[in-house]
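Source file: my_file00.txt (compact mmCIF, N, CA and C atoms)
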# COMPACT_ATOMS: atom_id res chain seq x y z
N MET A 1 -28.02 54.36 -17.43
CA MET A 1 -28.83 55.03 -18.41
C MET A 1 -28.99 54.13 -19.63
N LYS A 2 -30.19 54.05 -20.12
CA LYS A 2 -30.48 53.18 -21.24
C LYS A 2 -30.15 53.88 -22.55
N GLN A 3 -29.42 53.21 -23.43
CA GLN A 3 -29.05 53.79 -24.71
C GLN A 3 -30.16 53.56 -25.72
N LYS A 4 -30.45 54.58 -26.52
CA LYS A 4 -31.47 54.48 -27.54
C LYS A 4 -30.97 53.60 -28.68
N ARG A 5 -31.82 52.71 -29.13
CA ARG A 5 -31.46 51.80 -30.21
C ARG A 5 -31.52 52.52 -31.55
N ILE A 6 -30.45 52.41 -32.32
CA ILE A 6 -30.38 53.04 -33.63
C ILE A 6 -30.68 52.00 -34.70
N ILE A 7 -31.69 52.30 -35.52
CA ILE A 7 -32.08 51.39 -36.59
C ILE A 7 -31.64 51.99 -37.91
N PRO A 8 -30.88 51.25 -38.72
CA PRO A 8 -30.49 51.79 -40.02
C PRO A 8 -31.72 52.09 -40.88
N VAL A 9 -31.64 53.13 -41.66
CA VAL A 9 -32.77 53.55 -42.49
C VAL A 9 -33.21 52.42 -43.41
N GLU A 10 -32.26 51.66 -43.94
CA GLU A 10 -32.60 50.58 -44.87
C GLU A 10 -33.45 49.50 -44.21
N ALA A 11 -33.30 49.32 -42.90
CA ALA A 11 -34.03 48.27 -42.19
C ALA A 11 -35.43 48.70 -41.78
N MET A 12 -35.78 49.93 -42.01
CA MET A 12 -37.08 50.45 -41.58
C MET A 12 -38.22 50.07 -42.53
N GLY A 13 -37.90 49.73 -43.72
CA GLY A 13 -38.95 49.53 -44.72
C GLY A 13 -39.11 50.81 -45.50
N PRO A 14 -39.60 50.73 -46.72
CA PRO A 14 -39.62 51.90 -47.59
C PRO A 14 -40.46 53.07 -47.06
N LYS A 15 -41.60 52.79 -46.47
CA LYS A 15 -42.48 53.87 -46.01
C LYS A 15 -41.88 54.61 -44.82
N ARG A 16 -41.42 53.88 -43.82
CA ARG A 16 -40.83 54.50 -42.64
C ARG A 16 -39.50 55.16 -42.96
N ALA A 17 -38.73 54.59 -43.86
CA ALA A 17 -37.44 55.17 -44.24
C ALA A 17 -37.65 56.51 -44.92
N PHE A 18 -38.65 56.59 -45.81
CA PHE A 18 -38.95 57.86 -46.48
C PHE A 18 -39.35 58.91 -45.46
N HIS A 19 -40.19 58.54 -44.51
CA HIS A 19 -40.64 59.47 -43.48
C HIS A 19 -39.46 59.95 -42.62
N ALA A 20 -38.58 59.03 -42.25
CA ALA A 20 -37.41 59.39 -41.44
C ALA A 20 -36.48 60.31 -42.20
N MET A 21 -36.25 60.04 -43.48
CA MET A 21 -35.35 60.86 -44.27
C MET A 21 -35.97 62.22 -44.57
N SER A 22 -37.28 62.29 -44.73
CA SER A 22 -37.91 63.58 -45.03
C SER A 22 -37.79 64.52 -43.84
N LYS A 23 -37.74 63.99 -42.64
CA LYS A 23 -37.53 64.83 -41.46
C LYS A 23 -36.13 65.43 -41.46
N VAL A 24 -35.16 64.64 -41.89
CA VAL A 24 -33.77 65.08 -41.91
C VAL A 24 -33.55 66.11 -43.02
N ASN A 25 -34.18 65.91 -44.17
CA ASN A 25 -33.93 66.73 -45.35
C ASN A 25 -34.88 67.91 -45.50
N LYS A 26 -35.69 68.20 -44.54
CA LYS A 26 -36.66 69.27 -44.67
C LYS A 26 -36.03 70.62 -44.36
N VAL A 27 -36.33 71.59 -45.19
CA VAL A 27 -35.89 72.96 -44.97
C VAL A 27 -37.09 73.71 -44.40
N THR A 28 -36.92 74.35 -43.26
CA THR A 28 -38.05 75.01 -42.63
C THR A 28 -38.24 76.42 -43.16
N VAL A 29 -39.45 76.91 -43.01
CA VAL A 29 -39.78 78.27 -43.42
C VAL A 29 -38.95 79.26 -42.62
N ASP A 30 -38.72 78.98 -41.35
CA ASP A 30 -37.91 79.87 -40.51
C ASP A 30 -36.47 79.98 -41.02
N GLU A 31 -35.90 78.86 -41.47
CA GLU A 31 -34.54 78.88 -42.00
C GLU A 31 -34.47 79.73 -43.26
N LEU A 32 -35.45 79.57 -44.14
CA LEU A 32 -35.48 80.37 -45.37
C LEU A 32 -35.71 81.84 -45.06
N PHE A 33 -36.60 82.12 -44.12
CA PHE A 33 -36.90 83.50 -43.75
C PHE A 33 -35.66 84.18 -43.17
N GLU A 34 -34.93 83.46 -42.31
CA GLU A 34 -33.70 84.02 -41.73
C GLU A 34 -32.69 84.37 -42.82
N MET A 35 -32.50 83.44 -43.74
CA MET A 35 -31.54 83.66 -44.82
C MET A 35 -31.98 84.82 -45.71
N ASP A 36 -33.23 84.84 -46.10
CA ASP A 36 -33.75 85.91 -46.96
C ASP A 36 -33.65 87.27 -46.27
N THR A 37 -33.94 87.31 -45.00
CA THR A 37 -33.88 88.55 -44.23
C THR A 37 -32.46 89.09 -44.17
N VAL A 38 -31.50 88.22 -43.95
CA VAL A 38 -30.10 88.65 -43.88
C VAL A 38 -29.64 89.18 -45.24
N VAL A 39 -30.00 88.48 -46.31
CA VAL A 39 -29.61 88.92 -47.66
C VAL A 39 -30.20 90.30 -47.96
N LEU A 40 -31.48 90.49 -47.64
CA LEU A 40 -32.14 91.78 -47.92
C LEU A 40 -31.68 92.88 -46.97
N ALA A 41 -31.64 92.61 -45.69
CA ALA A 41 -31.30 93.64 -44.70
C ALA A 41 -29.89 94.18 -44.91
N ASN A 42 -28.99 93.31 -45.31
CA ASN A 42 -27.60 93.73 -45.52
C ASN A 42 -27.30 94.05 -46.98
N SER A 43 -28.31 93.97 -47.84
CA SER A 43 -28.15 94.21 -49.29
C SER A 43 -26.95 93.46 -49.86
N LEU A 44 -26.79 92.21 -49.44
CA LEU A 44 -25.65 91.41 -49.87
C LEU A 44 -25.64 91.19 -51.38
N PHE A 45 -26.81 91.16 -51.99
CA PHE A 45 -26.92 90.91 -53.42
C PHE A 45 -26.31 92.04 -54.26
N LEU A 46 -26.05 93.20 -53.66
CA LEU A 46 -25.47 94.31 -54.39
C LEU A 46 -23.96 94.15 -54.63
N ASN A 47 -23.37 93.20 -53.95
CA ASN A 47 -21.94 92.90 -54.14
C ASN A 47 -21.79 92.02 -55.38
N PRO A 48 -21.17 92.53 -56.45
CA PRO A 48 -21.03 91.73 -57.67
C PRO A 48 -20.13 90.50 -57.49
N ASN A 49 -19.32 90.50 -56.45
CA ASN A 49 -18.41 89.38 -56.20
C ASN A 49 -18.92 88.45 -55.10
N LEU A 50 -20.20 88.55 -54.75
CA LEU A 50 -20.76 87.74 -53.68
C LEU A 50 -20.65 86.25 -54.01
N THR A 51 -20.20 85.48 -53.04
CA THR A 51 -20.13 84.02 -53.19
C THR A 51 -20.97 83.38 -52.10
N ILE A 52 -21.21 82.12 -52.28
CA ILE A 52 -21.97 81.38 -51.27
C ILE A 52 -21.18 81.33 -49.95
N ASN A 53 -19.86 81.36 -50.03
CA ASN A 53 -19.04 81.37 -48.82
C ASN A 53 -19.19 82.69 -48.06
N ASP A 54 -19.38 83.79 -48.78
CA ASP A 54 -19.62 85.09 -48.13
C ASP A 54 -20.92 85.06 -47.35
N LEU A 55 -21.96 84.53 -47.98
CA LEU A 55 -23.25 84.43 -47.31
C LEU A 55 -23.16 83.50 -46.10
N ALA A 56 -22.44 82.40 -46.26
CA ALA A 56 -22.27 81.45 -45.16
C ALA A 56 -21.55 82.08 -43.98
N SER A 57 -20.57 82.92 -44.25
CA SER A 57 -19.84 83.55 -43.14
C SER A 57 -20.72 84.58 -42.43
N VAL A 58 -21.57 85.28 -43.17
CA VAL A 58 -22.48 86.24 -42.53
C VAL A 58 -23.49 85.50 -41.66
N LEU A 59 -24.02 84.40 -42.17
CA LEU A 59 -25.01 83.61 -41.41
C LEU A 59 -24.37 82.70 -40.37
N GLN A 60 -23.06 82.53 -40.47
CA GLN A 60 -22.29 81.66 -39.57
C GLN A 60 -22.77 80.21 -39.61
N ILE A 61 -23.02 79.74 -40.82
CA ILE A 61 -23.33 78.34 -41.04
C ILE A 61 -22.56 77.87 -42.27
N PRO A 62 -22.31 76.58 -42.41
CA PRO A 62 -21.51 76.08 -43.53
C PRO A 62 -22.15 76.38 -44.89
N SER A 63 -21.32 76.57 -45.89
CA SER A 63 -21.82 76.91 -47.23
C SER A 63 -22.67 75.80 -47.82
N HIS A 64 -22.37 74.54 -47.50
CA HIS A 64 -23.19 73.46 -48.04
C HIS A 64 -24.61 73.51 -47.48
N VAL A 65 -24.77 74.03 -46.28
CA VAL A 65 -26.11 74.18 -45.70
C VAL A 65 -26.88 75.29 -46.44
N ILE A 66 -26.18 76.38 -46.74
CA ILE A 66 -26.79 77.46 -47.52
C ILE A 66 -27.24 76.94 -48.87
N SER A 67 -26.36 76.23 -49.53
CA SER A 67 -26.67 75.67 -50.85
C SER A 67 -27.88 74.74 -50.76
N TYR A 68 -27.90 73.89 -49.76
CA TYR A 68 -29.01 72.96 -49.57
C TYR A 68 -30.32 73.71 -49.36
N ARG A 69 -30.29 74.74 -48.50
CA ARG A 69 -31.51 75.50 -48.23
C ARG A 69 -32.04 76.19 -49.49
N ILE A 70 -31.15 76.77 -50.26
CA ILE A 70 -31.58 77.46 -51.48
C ILE A 70 -32.10 76.45 -52.50
N ASN A 71 -31.37 75.36 -52.69
CA ASN A 71 -31.77 74.35 -53.67
C ASN A 71 -33.08 73.67 -53.30
N ARG A 72 -33.22 73.28 -52.05
CA ARG A 72 -34.43 72.57 -51.62
C ARG A 72 -35.59 73.50 -51.28
N GLY A 73 -35.28 74.58 -50.58
CA GLY A 73 -36.34 75.48 -50.12
C GLY A 73 -36.87 76.40 -51.19
N HIS A 74 -35.96 77.00 -51.97
CA HIS A 74 -36.38 77.94 -53.01
C HIS A 74 -36.42 77.30 -54.39
N LYS A 75 -35.91 76.09 -54.49
CA LYS A 75 -35.90 75.34 -55.76
C LYS A 75 -35.14 76.09 -56.86
N LYS A 76 -33.99 76.65 -56.51
CA LYS A 76 -33.16 77.36 -57.48
C LYS A 76 -31.71 77.32 -57.03
N SER A 77 -30.83 77.73 -57.92
CA SER A 77 -29.40 77.77 -57.59
C SER A 77 -29.09 79.04 -56.81
N PHE A 78 -27.91 79.08 -56.22
CA PHE A 78 -27.47 80.25 -55.48
C PHE A 78 -27.46 81.48 -56.38
N PHE A 79 -26.93 81.35 -57.60
CA PHE A 79 -26.81 82.50 -58.48
C PHE A 79 -28.18 82.99 -58.97
N THR A 80 -29.10 82.09 -59.21
CA THR A 80 -30.46 82.51 -59.58
C THR A 80 -31.11 83.22 -58.41
N TYR A 81 -30.92 82.69 -57.21
CA TYR A 81 -31.47 83.29 -55.99
C TYR A 81 -30.97 84.73 -55.83
N ILE A 82 -29.68 84.95 -55.96
CA ILE A 82 -29.09 86.29 -55.82
C ILE A 82 -29.51 87.19 -56.98
N ASN A 83 -29.49 86.65 -58.20
CA ASN A 83 -29.84 87.47 -59.36
C ASN A 83 -31.30 87.93 -59.34
N GLU A 84 -32.18 87.16 -58.73
CA GLU A 84 -33.57 87.61 -58.62
C GLU A 84 -33.68 88.83 -57.71
N TYR A 85 -32.89 88.88 -56.65
CA TYR A 85 -32.84 90.08 -55.81
C TYR A 85 -32.28 91.26 -56.59
N ARG A 86 -31.25 90.99 -57.38
CA ARG A 86 -30.63 92.06 -58.17
C ARG A 86 -31.61 92.63 -59.19
N VAL A 87 -32.37 91.77 -59.84
CA VAL A 87 -33.35 92.23 -60.83
C VAL A 87 -34.44 93.04 -60.15
N GLU A 88 -34.91 92.60 -58.99
CA GLU A 88 -35.92 93.38 -58.26
C GLU A 88 -35.40 94.77 -57.92
N HIS A 89 -34.16 94.83 -57.49
CA HIS A 89 -33.55 96.12 -57.17
C HIS A 89 -33.44 96.98 -58.42
N SER A 90 -33.04 96.38 -59.53
CA SER A 90 -32.90 97.14 -60.78
C SER A 90 -34.25 97.63 -61.27
N LYS A 91 -35.30 96.87 -61.06
CA LYS A 91 -36.64 97.32 -61.47
C LYS A 91 -37.03 98.59 -60.71
N SER A 92 -36.66 98.65 -59.47
CA SER A 92 -36.93 99.85 -58.68
C SER A 92 -36.16 101.04 -59.25
N LEU A 93 -34.89 100.83 -59.57
CA LEU A 93 -34.09 101.91 -60.15
C LEU A 93 -34.62 102.34 -61.52
N LEU A 94 -35.01 101.37 -62.33
CA LEU A 94 -35.52 101.67 -63.67
C LEU A 94 -36.82 102.48 -63.62
N SER A 95 -37.65 102.18 -62.65
CA SER A 95 -38.95 102.86 -62.58
C SER A 95 -38.88 104.22 -61.88
N LYS A 96 -37.85 104.44 -61.06
CA LYS A 96 -37.79 105.67 -60.27
C LYS A 96 -36.72 106.65 -60.71
N THR A 97 -35.80 106.22 -61.59
CA THR A 97 -34.70 107.10 -61.99
C THR A 97 -34.54 107.11 -63.50
N ASN A 98 -33.72 108.02 -63.98
CA ASN A 98 -33.39 108.10 -65.40
C ASN A 98 -31.93 107.77 -65.66
N VAL A 99 -31.28 107.09 -64.72
CA VAL A 99 -29.86 106.79 -64.88
C VAL A 99 -29.65 105.81 -66.03
N LYS A 100 -28.46 105.82 -66.59
CA LYS A 100 -28.13 104.95 -67.72
C LYS A 100 -28.16 103.48 -67.30
N MET A 101 -28.33 102.63 -68.30
CA MET A 101 -28.43 101.18 -68.05
C MET A 101 -27.18 100.63 -67.37
N LEU A 102 -26.02 101.10 -67.76
CA LEU A 102 -24.78 100.62 -67.13
C LEU A 102 -24.79 100.94 -65.64
N ALA A 103 -25.23 102.13 -65.29
CA ALA A 103 -25.29 102.52 -63.87
C ALA A 103 -26.30 101.66 -63.12
N VAL A 104 -27.44 101.40 -63.74
CA VAL A 104 -28.45 100.53 -63.11
C VAL A 104 -27.85 99.14 -62.89
N ALA A 105 -27.18 98.62 -63.90
CA ALA A 105 -26.58 97.30 -63.80
C ALA A 105 -25.57 97.24 -62.65
N LEU A 106 -24.65 98.19 -62.62
CA LEU A 106 -23.61 98.19 -61.59
C LEU A 106 -24.18 98.45 -60.21
N ASP A 107 -25.17 99.36 -60.11
CA ASP A 107 -25.79 99.66 -58.82
C ASP A 107 -26.66 98.51 -58.30
N SER A 108 -27.01 97.58 -59.18
CA SER A 108 -27.84 96.44 -58.78
C SER A 108 -27.01 95.19 -58.47
N GLY A 109 -25.70 95.29 -58.60
CA GLY A 109 -24.84 94.17 -58.24
C GLY A 109 -24.35 93.34 -59.41
N PHE A 110 -24.69 93.75 -60.63
CA PHE A 110 -24.18 93.04 -61.80
C PHE A 110 -22.79 93.58 -62.14
N SER A 111 -21.96 92.72 -62.68
CA SER A 111 -20.59 93.14 -62.97
C SER A 111 -20.46 93.84 -64.32
N ASN A 112 -21.46 93.65 -65.19
CA ASN A 112 -21.42 94.33 -66.48
C ASN A 112 -22.83 94.42 -67.06
N LYS A 113 -22.95 95.24 -68.10
CA LYS A 113 -24.24 95.50 -68.73
C LYS A 113 -24.80 94.27 -69.45
N THR A 114 -23.92 93.48 -70.04
CA THR A 114 -24.36 92.29 -70.78
C THR A 114 -25.03 91.27 -69.87
N SER A 115 -24.39 90.97 -68.75
CA SER A 115 -24.98 89.99 -67.83
C SER A 115 -26.28 90.54 -67.23
N PHE A 116 -26.32 91.84 -67.01
CA PHE A 116 -27.56 92.48 -66.52
C PHE A 116 -28.70 92.28 -67.51
N HIS A 117 -28.47 92.60 -68.79
CA HIS A 117 -29.51 92.44 -69.80
C HIS A 117 -29.97 91.00 -69.93
N ARG A 118 -29.00 90.09 -70.01
CA ARG A 118 -29.32 88.67 -70.17
C ARG A 118 -30.13 88.15 -68.98
N THR A 119 -29.70 88.47 -67.78
CA THR A 119 -30.38 88.00 -66.58
C THR A 119 -31.75 88.64 -66.43
N PHE A 120 -31.84 89.94 -66.68
CA PHE A 120 -33.12 90.64 -66.57
C PHE A 120 -34.13 90.03 -67.53
N LYS A 121 -33.72 89.80 -68.77
CA LYS A 121 -34.64 89.25 -69.76
C LYS A 121 -35.05 87.82 -69.40
N ARG A 122 -34.11 87.03 -68.89
CA ARG A 122 -34.43 85.65 -68.50
C ARG A 122 -35.46 85.62 -67.37
N ILE A 123 -35.32 86.52 -66.41
CA ILE A 123 -36.21 86.53 -65.25
C ILE A 123 -37.54 87.22 -65.54
N GLU A 124 -37.48 88.37 -66.21
CA GLU A 124 -38.69 89.16 -66.43
C GLU A 124 -39.38 88.90 -67.78
N GLY A 125 -38.65 88.35 -68.72
CA GLY A 125 -39.22 88.09 -70.03
C GLY A 125 -39.17 89.28 -70.98
N ILE A 126 -38.67 90.40 -70.52
CA ILE A 126 -38.50 91.61 -71.34
C ILE A 126 -37.16 92.25 -71.01
N THR A 127 -36.70 93.13 -71.88
CA THR A 127 -35.43 93.81 -71.64
C THR A 127 -35.62 94.91 -70.60
N PRO A 128 -34.55 95.37 -69.98
CA PRO A 128 -34.66 96.47 -69.03
C PRO A 128 -35.21 97.74 -69.69
N GLU A 129 -34.82 98.00 -70.93
CA GLU A 129 -35.33 99.18 -71.64
C GLU A 129 -36.84 99.10 -71.83
N THR A 130 -37.33 97.93 -72.21
CA THR A 130 -38.77 97.73 -72.38
C THR A 130 -39.49 97.90 -71.06
N PHE A 131 -38.90 97.36 -69.99
CA PHE A 131 -39.50 97.52 -68.67
C PHE A 131 -39.62 99.00 -68.32
N ARG A 132 -38.56 99.75 -68.51
CA ARG A 132 -38.56 101.18 -68.21
C ARG A 132 -39.62 101.90 -69.04
N PHE A 133 -39.69 101.60 -70.33
CA PHE A 133 -40.65 102.24 -71.22
C PHE A 133 -42.09 101.91 -70.79
N LYS A 134 -42.39 100.64 -70.53
CA LYS A 134 -43.73 100.25 -70.11
C LYS A 134 -44.11 100.89 -68.78
N HIS A 135 -43.15 100.97 -67.87
CA HIS A 135 -43.44 101.55 -66.56
C HIS A 135 -43.77 103.04 -66.69
N ARG A 136 -43.07 103.70 -67.56
CA ARG A 136 -43.32 105.15 -67.76
C ARG A 136 -44.68 105.37 -68.38
N ILE A 137 -45.12 104.52 -69.28
CA ILE A 137 -46.43 104.66 -69.91
C ILE A 137 -47.53 104.47 -68.87
N LEU A 138 -47.32 103.56 -67.94
CA LEU A 138 -48.33 103.29 -66.91
C LEU A 138 -48.46 104.40 -65.89
N GLN A 139 -47.46 105.25 -65.76
CA GLN A 139 -47.53 106.32 -64.75
C GLN A 139 -48.22 107.55 -65.25

If you convert what's in this file into structure tokens, what do you get?
Amino acid sequence: MKQKRIIPVEAMGPKRAFHAMSKVNKVTVDELFEMDTVVLANSLFLNPNLTINDLASVLQIPSHVISYRINRGHKKSFFTYINEYRVEHSKSLLSKTNVKMLAVALDSGFSNKTSFHRTFKRIEGITPETFRFKHRILQ
């Protein structure tokens, strides 16, 4: 059986080396979809103590692969990725219920009201109270 010749990336020339490396470093839509589906279907983001290792064990792939997919595919950190799901969930609670802000924060996976407010404002550009008020006016 003939063995395939392995050429070091450096010896390929800049154009071919870039093309070869881009194939290795590409995150596919299917990989992102699988990860997003598992996070949503299992409501993993609601766990305030969720770590990248927890997600890796559910997906049964190494945590560095999860980190790579989130960083390259979604162009954000693991915590930003999870917090965006939490904020979306909290927006649903804010628009459909009259529960207190602390309850919304805890039910959305935040560990406290302060981090909930800070994260919500960073992602949405307004406070949770303002979001609730604006949503009620629109209904």

> Can you tell me how far atom CA of A:Leu32 sits from atom CA of A:Phe45, in Å to one decimal?
Replying inline: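 One can read the atom CA of A:Leu32 to atom CA of A:Phe45 distance as 15.8 Å.
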
> Residues at most 6 Å from stretch 88-98 of chain A, counting all atoms listed in the file, excluding those fewer than 4 positions away in the same chain, as a list of chain:residue names?
Replying inline: A:Asn83, A:Glu84, A:Val104, A:Ser108, A:Arg132

Excluding A:Asn49 and any residue of its chain fewer than 2 positions from it, enumerate the residues within 8 Å of it, using all atoms listed in the file, and give them as a JSON list (two decimals) with N, CA and C atoms, in the coordinates of the input.
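Generated output (result29.json):
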[["chain", "number", "residue", "atom", "x", "y", "z"],
["A", 45, "PHE", "N", -26.81, 91.16, -51.99],
["A", 45, "PHE", "CA", -26.92, 90.91, -53.42],
["A", 45, "PHE", "C", -26.31, 92.04, -54.26],
["A", 46, "LEU", "N", -26.05, 93.20, -53.66],
["A", 46, "LEU", "CA", -25.47, 94.31, -54.39],
["A", 46, "LEU", "C", -23.96, 94.15, -54.63],
["A", 47, "ASN", "N", -23.37, 93.20, -53.95],
["A", 47, "ASN", "CA", -21.94, 92.90, -54.14],
["A", 47, "ASN", "C", -21.79, 92.02, -55.38],
["A", 51, "THR", "N", -20.20, 85.48, -53.04],
["A", 51, "THR", "CA", -20.13, 84.02, -53.19],
["A", 51, "THR", "C", -20.97, 83.38, -52.10],
["A", 52, "ILE", "N", -21.21, 82.12, -52.28],
["A", 52, "ILE", "CA", -21.97, 81.38, -51.27],
["A", 52, "ILE", "C", -21.18, 81.33, -49.95],
["A", 54, "ASP", "N", -19.38, 83.79, -48.78],
["A", 54, "ASP", "CA", -19.62, 85.09, -48.13],
["A", 54, "ASP", "C", -20.92, 85.06, -47.35],
["A", 109, "GLY", "N", -25.70, 95.29, -58.60],
["A", 109, "GLY", "CA", -24.84, 94.17, -58.24],
["A", 109, "GLY", "C", -24.35, 93.34, -59.41],
["A", 110, "PHE", "N", -24.69, 93.75, -60.63],
["A", 110, "PHE", "CA", -24.18, 93.04, -61.80],
["A", 110, "PHE", "C", -22.79, 93.58, -62.14],
["A", 111, "SER", "N", -21.96, 92.72, -62.68],
["A", 111, "SER", "CA", -20.59, 93.14, -62.97],
["A", 111, "SER", "C", -20.46, 93.84, -64.32]]

> Using the chain letters and numbers from this document, which residues of stretch 8-113 of chain A does DSSP assign to alpha helix (DSSP H), as a ChimeraX atom specification?
Replying inline: /A:14-24,29-41,52-59,63-68,78-96,101-107,113

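Across A:Ala41, A:Met35, A:Leu59, A:Val27, the tightest approach to A:Arg72 is made by A:Val27 when counting only N, CA and C atoms.
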
>> Let me make sure I understand: among A:Lys26, A:Arg69, A:Lys134, A:His117, which one has the smallest atom-to-atom distance to A:Arg86 if we use only C-alpha atoms?
In response: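 Selected residue with least distance to A:Arg86: A:His117.
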
> Contacts of A:Tyr81 at 8 Å or less, counting only N, CA and C atoms, minus same-chain residues fewer than 6 places along, as a PyMOL selection string?
Replying inline: chain A and resi 45+70+74-75

> At what distance in Å, to one decimal, does atom N of A:Met101 lie from atom C of A:Lys113?
Replying inline: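 Computing it gives 9.1 Å between the two atoms.
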
> For A:Phe116, which residue among A:Pro48, A:Phe78, A:Tyr68, A:His135 is the nearest when counting only C-alpha atoms?
Replying inline: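 Closest to A:Phe116 of all the choices is A:Pro48.
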